[in-house]
Amino acid sequence: MTVRVGVIGAGWIGQEHIRRLAGTVTGAQVTAVTDIDAARADEAAARVGAQVFANGAELIAAGDVDAVLVTSWGPTHAEHVLNAIAAGKPVFCEKPLATSAEDCLRIVEAERAHGRRLVQVGFMRRFDAGYRQMKQVIDSGRIGEPLVVHCAHRNPTVPESYHTDMAALDSAVHEIDVLRWLLDDEIVSTQVVLPRATSKRFAHLKDPQIMLFETAKGVRIDLEVFVNCQYGYDIQCETVGEEGLVRLPDPAAVGVRTAGQHSSEVLTDWVARFADAFDTEFREWIAEIAAGNEPTGPSAWDGYAATVISNATVEARQSGRIVTTDMKPRPAFYGGTA
């Protein structure tokens, strides 16, 4: 079966996913595109022979759209996801699921009322080979019960439009999701500590930030978010257990020995770092839909949890306090702990 996908949002990430679905993922066909910029929608659709629709509602209702991909501006996500659920169509939504916890809960309740999972949220790190290896080690019990997790999220630079809240809402949100999944545990409190600021930042930006999380089981997590580190895009994660530790591997790179030095390349952007994860994410999503199954990736509940925790982290930085994450009880519909 070929899954016919309608794409809402033809900006940079939307066009990347259109390219991926058309050229990399087997069993998918992009049949419909819409964007607030009509010229951009026309251009993206022409590359793959898709039809252009005036808006998301018309695209979702189209007969030749089996599944929906939402890559539009974040504040529009809730509307499109809710419309897809109402139409009974699987929907992949890039993060955030919604910009407010209230809208996330509306999506959760709509999906539960439908009676079947339709929503997957675009947290691609769960599909990265290194993180999946870490998950296998932790779940196997080889390092014993996790006690402490050390993480870093570093970018060489960010544009002037990047503001302080985005360190939690756009950057750390990926760690928030993947750590909940790795540990099968829920984050219950958050705190932010501001060290000495780098001189390499724009004046309006507080950088770096140290985010401190505690889970329901008492695991302590420290996360350095440093978006002007200069040297490269560097994602680090180490889980320390009672009987050992597991560390996320660096991306494969050859070692070079020359002029009295031993060096290896450091990637400079997230696109190259997680390209394989994005491909795997969409291959698995399309395969599940084609088989008539529910999606198995991050759920609407995971999208809700990430929004609650990242918003609480912004509050913690602004207030200087430890903030408890005020999350509703997890419905049995979504199973598991986190």
# chains A, B, ... in the order shown; residues from 1 in each chain; ligands from 1
>>> select_by_dssp(residues="segment 88-239 of chain A", states="alpha helix (DSSP H)", output="MDAnalysis selection string")
chainID A and resid 101:114 129:140 166 173:183
>>> residues_around(residues="Gly244 of chain A", least_positions_apart="4", cutoff="8 Å", atoms="only C-alpha atoms", output="mmCIF file with C-alpha atoms, in the first residue's frame")
data_model
loop_
_atom_site.group_PDB
_atom_site.id
_atom_site.type_symbol
_atom_site.label_atom_id
_atom_site.label_comp_id
_atom_site.auth_asym_id
_atom_site.auth_seq_id
_atom_site.Cartn_x
_atom_site.Cartn_y
_atom_site.Cartn_z
ATOM 1 C CA ARG A 142 23.280 -3.912 32.843
ATOM 2 C CA ILE A 143 24.120 -0.661 34.667
ATOM 3 C CA GLY A 144 21.617 -1.184 37.473
ATOM 4 C CA VAL A 240 25.139 6.693 35.612
#
>>> residues_around(residues="Gly23 of chain A", least_positions_apart="4", cutoff="12 Å", atoms="only C-alpha atoms", output="MDAnalysis selection string")
chainID A and resid 15:19 27:30 47:48 279 282:283
>>> write_last_selection(atoms="N, CA and C atoms", output="PDB file, in the first residue's frame")
ATOM      1  N   GLN A  15       9.791  21.229   3.595  1.00  0.00           N
ATOM      2  CA  GLN A  15      10.387  20.825   2.329  1.00  0.00           C
ATOM      3  C   GLN A  15      11.389  19.690   2.516  1.00  0.00           C
ATOM      4  N   GLU A  16      12.114  19.686   3.630  1.00  0.00           N
ATOM      5  CA  GLU A  16      13.011  18.574   3.925  1.00  0.00           C
ATOM      6  C   GLU A  16      12.236  17.261   4.041  1.00  0.00           C
ATOM      7  N   HIS A  17      11.098  17.308   4.729  1.00  0.00           N
ATOM      8  CA  HIS A  17      10.308  16.087   4.902  1.00  0.00           C
ATOM      9  C   HIS A  17       9.622  15.673   3.596  1.00  0.00           C
ATOM     10  N   ILE A  18       9.226  16.642   2.781  1.00  0.00           N
ATOM     11  CA  ILE A  18       8.674  16.303   1.460  1.00  0.00           C
ATOM     12  C   ILE A  18       9.735  15.573   0.645  1.00  0.00           C
ATOM     13  N   ARG A  19      10.945  16.100   0.652  1.00  0.00           N
ATOM     14  CA  ARG A  19      12.045  15.440  -0.057  1.00  0.00           C
ATOM     15  C   ARG A  19      12.268  14.031   0.487  1.00  0.00           C
ATOM     16  N   GLY A  27       7.094   3.501   0.057  1.00  0.00           N
ATOM     17  CA  GLY A  27       5.677   3.347   0.374  1.00  0.00           C
ATOM     18  C   GLY A  27       4.951   4.634   0.674  1.00  0.00           C
ATOM     19  N   ALA A  28       5.585   5.780   0.402  1.00  0.00           N
ATOM     20  CA  ALA A  28       4.939   7.067   0.660  1.00  0.00           C
ATOM     21  C   ALA A  28       4.861   7.883  -0.623  1.00  0.00           C
ATOM     22  N   GLN A  29       3.815   8.688  -0.734  1.00  0.00           N
ATOM     23  CA  GLN A  29       3.662   9.615  -1.847  1.00  0.00           C
ATOM     24  C   GLN A  29       3.065  10.911  -1.316  1.00  0.00           C
ATOM     25  N   VAL A  30       3.726  12.026  -1.572  1.00  0.00           N
ATOM     26  CA  VAL A  30       3.182  13.327  -1.179  1.00  0.00           C
ATOM     27  C   VAL A  30       2.192  13.750  -2.258  1.00  0.00           C
ATOM     28  N   ARG A  47       7.568  20.055  -7.239  1.00  0.00           N
ATOM     29  CA  ARG A  47       8.716  19.138  -7.222  1.00  0.00           C
ATOM     30  C   ARG A  47       8.291  17.679  -7.150  1.00  0.00           C
ATOM     31  N   VAL A  48       7.112  17.426  -6.569  1.00  0.00           N
ATOM     32  CA  VAL A  48       6.697  16.032  -6.367  1.00  0.00           C
ATOM     33  C   VAL A  48       5.374  15.717  -7.054  1.00  0.00           C
ATOM     34  N   ASP A 279      15.223   9.921   8.882  1.00  0.00           N
ATOM     35  CA  ASP A 279      14.851   8.912   7.892  1.00  0.00           C
ATOM     36  C   ASP A 279      14.167   7.721   8.559  1.00  0.00           C
ATOM     37  N   PHE A 282      10.541   8.480   9.794  1.00  0.00           N
ATOM     38  CA  PHE A 282       9.491   8.477   8.768  1.00  0.00           C
ATOM     39  C   PHE A 282       9.291   7.104   8.148  1.00  0.00           C
ATOM     40  N   ARG A 283      10.351   6.333   8.018  1.00  0.00           N
ATOM     41  CA  ARG A 283      10.171   4.958   7.520  1.00  0.00           C
ATOM     42  C   ARG A 283       9.243   4.179   8.438  1.00  0.00           C
TER      43      ARG A 283
END
>>> residues_around(residues="segment 215-228 of chain A", least_positions_apart="6", cutoff="6 Å", atoms="only C-alpha atoms", output="PyMOL selection string")
chain A and resi 147-157+186-188+207-209
>>> write_last_selection(atoms="N, CA, C and O atoms", output="compact mmCIF listing (two decimals), in the first residue's frame")
# COMPACT_ATOMS: atom_id res chain seq x y z
N LEU A 147 20.79 6.56 38.35
CA LEU A 147 20.87 7.48 39.47
C LEU A 147 21.01 8.93 39.02
O LEU A 147 20.35 9.82 39.57
N VAL A 148 21.89 9.14 38.05
CA VAL A 148 22.23 10.50 37.61
C VAL A 148 22.38 10.48 36.08
O VAL A 148 22.87 9.50 35.52
N VAL A 149 21.96 11.57 35.44
CA VAL A 149 22.17 11.72 34.00
C VAL A 149 22.82 13.08 33.74
O VAL A 149 22.37 14.10 34.27
N HIS A 150 23.89 13.07 32.95
CA HIS A 150 24.59 14.30 32.55
C HIS A 150 24.38 14.51 31.06
O HIS A 150 24.62 13.60 30.26
N CYS A 151 23.95 15.70 30.67
CA CYS A 151 23.67 15.98 29.26
C CYS A 151 24.23 17.33 28.85
O CYS A 151 24.38 18.23 29.68
N ALA A 152 24.49 17.47 27.56
CA ALA A 152 24.85 18.76 26.98
C ALA A 152 24.20 18.89 25.62
O ALA A 152 24.10 17.92 24.86
N HIS A 153 23.73 20.09 25.33
CA HIS A 153 23.14 20.42 24.04
C HIS A 153 23.82 21.70 23.58
O HIS A 153 23.54 22.79 24.07
N ARG A 154 24.75 21.58 22.62
CA ARG A 154 25.58 22.71 22.21
C ARG A 154 25.42 22.99 20.72
O ARG A 154 25.46 22.06 19.92
N ASN A 155 25.23 24.24 20.39
CA ASN A 155 25.23 24.72 19.00
C ASN A 155 26.41 25.66 18.81
O ASN A 155 26.77 26.40 19.73
N PRO A 156 26.99 25.70 17.61
CA PRO A 156 28.10 26.65 17.42
C PRO A 156 27.66 28.10 17.56
O PRO A 156 28.32 28.90 18.21
N THR A 157 26.53 28.43 16.93
CA THR A 157 25.95 29.78 17.02
C THR A 157 24.44 29.66 16.80
O THR A 157 23.94 28.62 16.36
N GLU A 186 9.07 9.98 34.83
CA GLU A 186 8.52 11.30 34.57
C GLU A 186 9.31 12.39 35.28
O GLU A 186 9.73 12.20 36.43
N ILE A 187 9.51 13.50 34.62
CA ILE A 187 10.17 14.67 35.23
C ILE A 187 9.15 15.41 36.08
O ILE A 187 8.08 15.79 35.59
N VAL A 188 9.49 15.62 37.36
CA VAL A 188 8.53 16.22 38.29
C VAL A 188 8.91 17.61 38.75
O VAL A 188 8.08 18.33 39.32
N ASP A 207 23.07 32.92 27.91
CA ASP A 207 23.69 31.72 27.37
C ASP A 207 25.09 31.59 27.95
O ASP A 207 25.86 32.56 27.92
N PRO A 208 25.45 30.41 28.49
CA PRO A 208 24.68 29.16 28.56
C PRO A 208 23.70 29.14 29.73
O PRO A 208 23.67 30.05 30.56
N GLN A 209 22.92 28.05 29.76
CA GLN A 209 22.01 27.77 30.87
C GLN A 209 22.26 26.35 31.36
O GLN A 209 22.54 25.46 30.56
>>> residues_around(residues="Val308 of chain A", least_positions_apart="3", cutoff="12 Å", atoms="only C-alpha atoms", output="MDAnalysis selection string")
chainID A and resid 96:105 168:169 173 176:177 186:190 301:305 311:315 323:328
>>> residues_around(residues="segment 122-132 of chain A", least_positions_apart="6", cutoff="9 Å", atoms="only C-alpha atoms", output="PyMOL selection string")
chain A and resi 92-97+173-175+177-178+181-182+237+247-251+274-281+297-298+303
>>> closest_residue(among="A:Gly232, A:Gly9, A:Pro90, A:Gly56", to="Thr71 of chain A", atoms="only C-alpha atoms")
A:Gly9
>>> decode(residues="segment 21-33 of chain A", atoms="all heavy atoms", output="PDB file, in the first residue's frame")
ATOM      1  N   LEU A  21      10.118  12.024   2.125  1.00  0.00           N
ATOM      2  CA  LEU A  21       9.012  11.128   1.802  1.00  0.00           C
ATOM      3  C   LEU A  21       9.011  10.746   0.327  1.00  0.00           C
ATOM      4  O   LEU A  21       8.663   9.617  -0.036  1.00  0.00           O
ATOM      5  CB  LEU A  21       7.679  11.792   2.169  1.00  0.00           C
ATOM      6  CG  LEU A  21       7.392  11.908   3.667  1.00  0.00           C
ATOM      7  CD1 LEU A  21       6.219  12.851   3.906  1.00  0.00           C
ATOM      8  CD2 LEU A  21       7.115  10.547   4.282  1.00  0.00           C
ATOM      9  N   ALA A  22       9.416  11.677  -0.529  1.00  0.00           N
ATOM     10  CA  ALA A  22       9.385  11.414  -1.967  1.00  0.00           C
ATOM     11  C   ALA A  22      10.584  10.612  -2.442  1.00  0.00           C
ATOM     12  O   ALA A  22      10.478   9.825  -3.392  1.00  0.00           O
ATOM     13  CB  ALA A  22       9.319  12.741  -2.733  1.00  0.00           C
ATOM     14  N   GLY A  23      11.736  10.774  -1.782  1.00  0.00           N
ATOM     15  CA  GLY A  23      12.942  10.175  -2.316  1.00  0.00           C
ATOM     16  C   GLY A  23      13.642   9.151  -1.465  1.00  0.00           C
ATOM     17  O   GLY A  23      14.505   8.420  -1.962  1.00  0.00           O
ATOM     18  N   THR A  24      13.285   9.061  -0.182  1.00  0.00           N
ATOM     19  CA  THR A  24      14.012   8.169   0.727  1.00  0.00           C
ATOM     20  C   THR A  24      13.134   7.083   1.332  1.00  0.00           C
ATOM     21  O   THR A  24      13.578   5.955   1.531  1.00  0.00           O
ATOM     22  CB  THR A  24      14.658   8.991   1.871  1.00  0.00           C
ATOM     23  OG1 THR A  24      15.502   9.995   1.304  1.00  0.00           O
ATOM     24  CG2 THR A  24      15.476   8.113   2.801  1.00  0.00           C
ATOM     25  N   VAL A  25      11.891   7.426   1.608  1.00  0.00           N
ATOM     26  CA  VAL A  25      10.991   6.513   2.316  1.00  0.00           C
ATOM     27  C   VAL A  25      10.164   5.701   1.321  1.00  0.00           C
ATOM     28  O   VAL A  25       9.452   6.269   0.482  1.00  0.00           O
ATOM     29  CB  VAL A  25      10.061   7.298   3.261  1.00  0.00           C
ATOM     30  CG1 VAL A  25       9.070   6.365   3.943  1.00  0.00           C
ATOM     31  CG2 VAL A  25      10.888   8.060   4.295  1.00  0.00           C
ATOM     32  N   THR A  26      10.241   4.392   1.431  1.00  0.00           N
ATOM     33  CA  THR A  26       9.465   3.509   0.561  1.00  0.00           C
ATOM     34  C   THR A  26       8.009   3.476   1.014  1.00  0.00           C
ATOM     35  O   THR A  26       7.722   3.430   2.208  1.00  0.00           O
ATOM     36  CB  THR A  26      10.042   2.085   0.600  1.00  0.00           C
ATOM     37  OG1 THR A  26      11.398   2.125   0.175  1.00  0.00           O
ATOM     38  CG2 THR A  26       9.256   1.149  -0.296  1.00  0.00           C
ATOM     39  N   GLY A  27       7.094   3.501   0.057  1.00  0.00           N
ATOM     40  CA  GLY A  27       5.677   3.347   0.374  1.00  0.00           C
ATOM     41  C   GLY A  27       4.951   4.634   0.674  1.00  0.00           C
ATOM     42  O   GLY A  27       3.811   4.604   1.149  1.00  0.00           O
ATOM     43  N   ALA A  28       5.585   5.780   0.402  1.00  0.00           N
ATOM     44  CA  ALA A  28       4.939   7.067   0.660  1.00  0.00           C
ATOM     45  C   ALA A  28       4.861   7.883  -0.623  1.00  0.00           C
ATOM     46  O   ALA A  28       5.732   7.799  -1.493  1.00  0.00           O
ATOM     47  CB  ALA A  28       5.718   7.844   1.714  1.00  0.00           C
ATOM     48  N   GLN A  29       3.815   8.688  -0.734  1.00  0.00           N
ATOM     49  CA  GLN A  29       3.662   9.615  -1.847  1.00  0.00           C
ATOM     50  C   GLN A  29       3.065  10.911  -1.316  1.00  0.00           C
ATOM     51  O   GLN A  29       2.026  10.883  -0.644  1.00  0.00           O
ATOM     52  CB  GLN A  29       2.746   9.034  -2.924  1.00  0.00           C
ATOM     53  CG  GLN A  29       2.521   9.971  -4.112  1.00  0.00           C
ATOM     54  CD  GLN A  29       1.491   9.445  -5.087  1.00  0.00           C
ATOM     55  OE1 GLN A  29       0.882   8.393  -4.872  1.00  0.00           O
ATOM     56  NE2 GLN A  29       1.273  10.174  -6.180  1.00  0.00           N
ATOM     57  N   VAL A  30       3.726  12.026  -1.572  1.00  0.00           N
ATOM     58  CA  VAL A  30       3.182  13.327  -1.179  1.00  0.00           C
ATOM     59  C   VAL A  30       2.192  13.750  -2.258  1.00  0.00           C
ATOM     60  O   VAL A  30       2.571  13.996  -3.405  1.00  0.00           O
ATOM     61  CB  VAL A  30       4.296  14.378  -1.011  1.00  0.00           C
ATOM     62  CG1 VAL A  30       3.678  15.750  -0.679  1.00  0.00           C
ATOM     63  CG2 VAL A  30       5.269  13.957   0.086  1.00  0.00           C
ATOM     64  N   THR A  31       0.917  13.822  -1.894  1.00  0.00           N
ATOM     65  CA  THR A  31      -0.133  14.129  -2.869  1.00  0.00           C
ATOM     66  C   THR A  31      -0.731  15.516  -2.690  1.00  0.00           C
ATOM     67  O   THR A  31      -1.462  15.984  -3.571  1.00  0.00           O
ATOM     68  CB  THR A  31      -1.273  13.097  -2.746  1.00  0.00           C
ATOM     69  OG1 THR A  31      -1.734  13.066  -1.384  1.00  0.00           O
ATOM     70  CG2 THR A  31      -0.808  11.706  -3.158  1.00  0.00           C
ATOM     71  N   ALA A  32      -0.448  16.181  -1.562  1.00  0.00           N
ATOM     72  CA  ALA A  32      -1.079  17.472  -1.293  1.00  0.00           C
ATOM     73  C   ALA A  32      -0.156  18.336  -0.444  1.00  0.00           C
ATOM     74  O   ALA A  32       0.538  17.828   0.442  1.00  0.00           O
ATOM     75  CB  ALA A  32      -2.416  17.269  -0.585  1.00  0.00           C
ATOM     76  N   VAL A  33      -0.165  19.625  -0.720  1.00  0.00           N
ATOM     77  CA  VAL A  33       0.657  20.590   0.016  1.00  0.00           C
ATOM     78  C   VAL A  33      -0.152  21.858   0.221  1.00  0.00           C
ATOM     79  O   VAL A  33      -0.913  22.283  -0.660  1.00  0.00           O
ATOM     80  CB  VAL A  33       1.956  20.930  -0.751  1.00  0.00           C
ATOM     81  CG1 VAL A  33       2.768  21.997  -0.003  1.00  0.00           C
ATOM     82  CG2 VAL A  33       2.809  19.689  -0.984  1.00  0.00           C
TER      83      VAL A  33
END
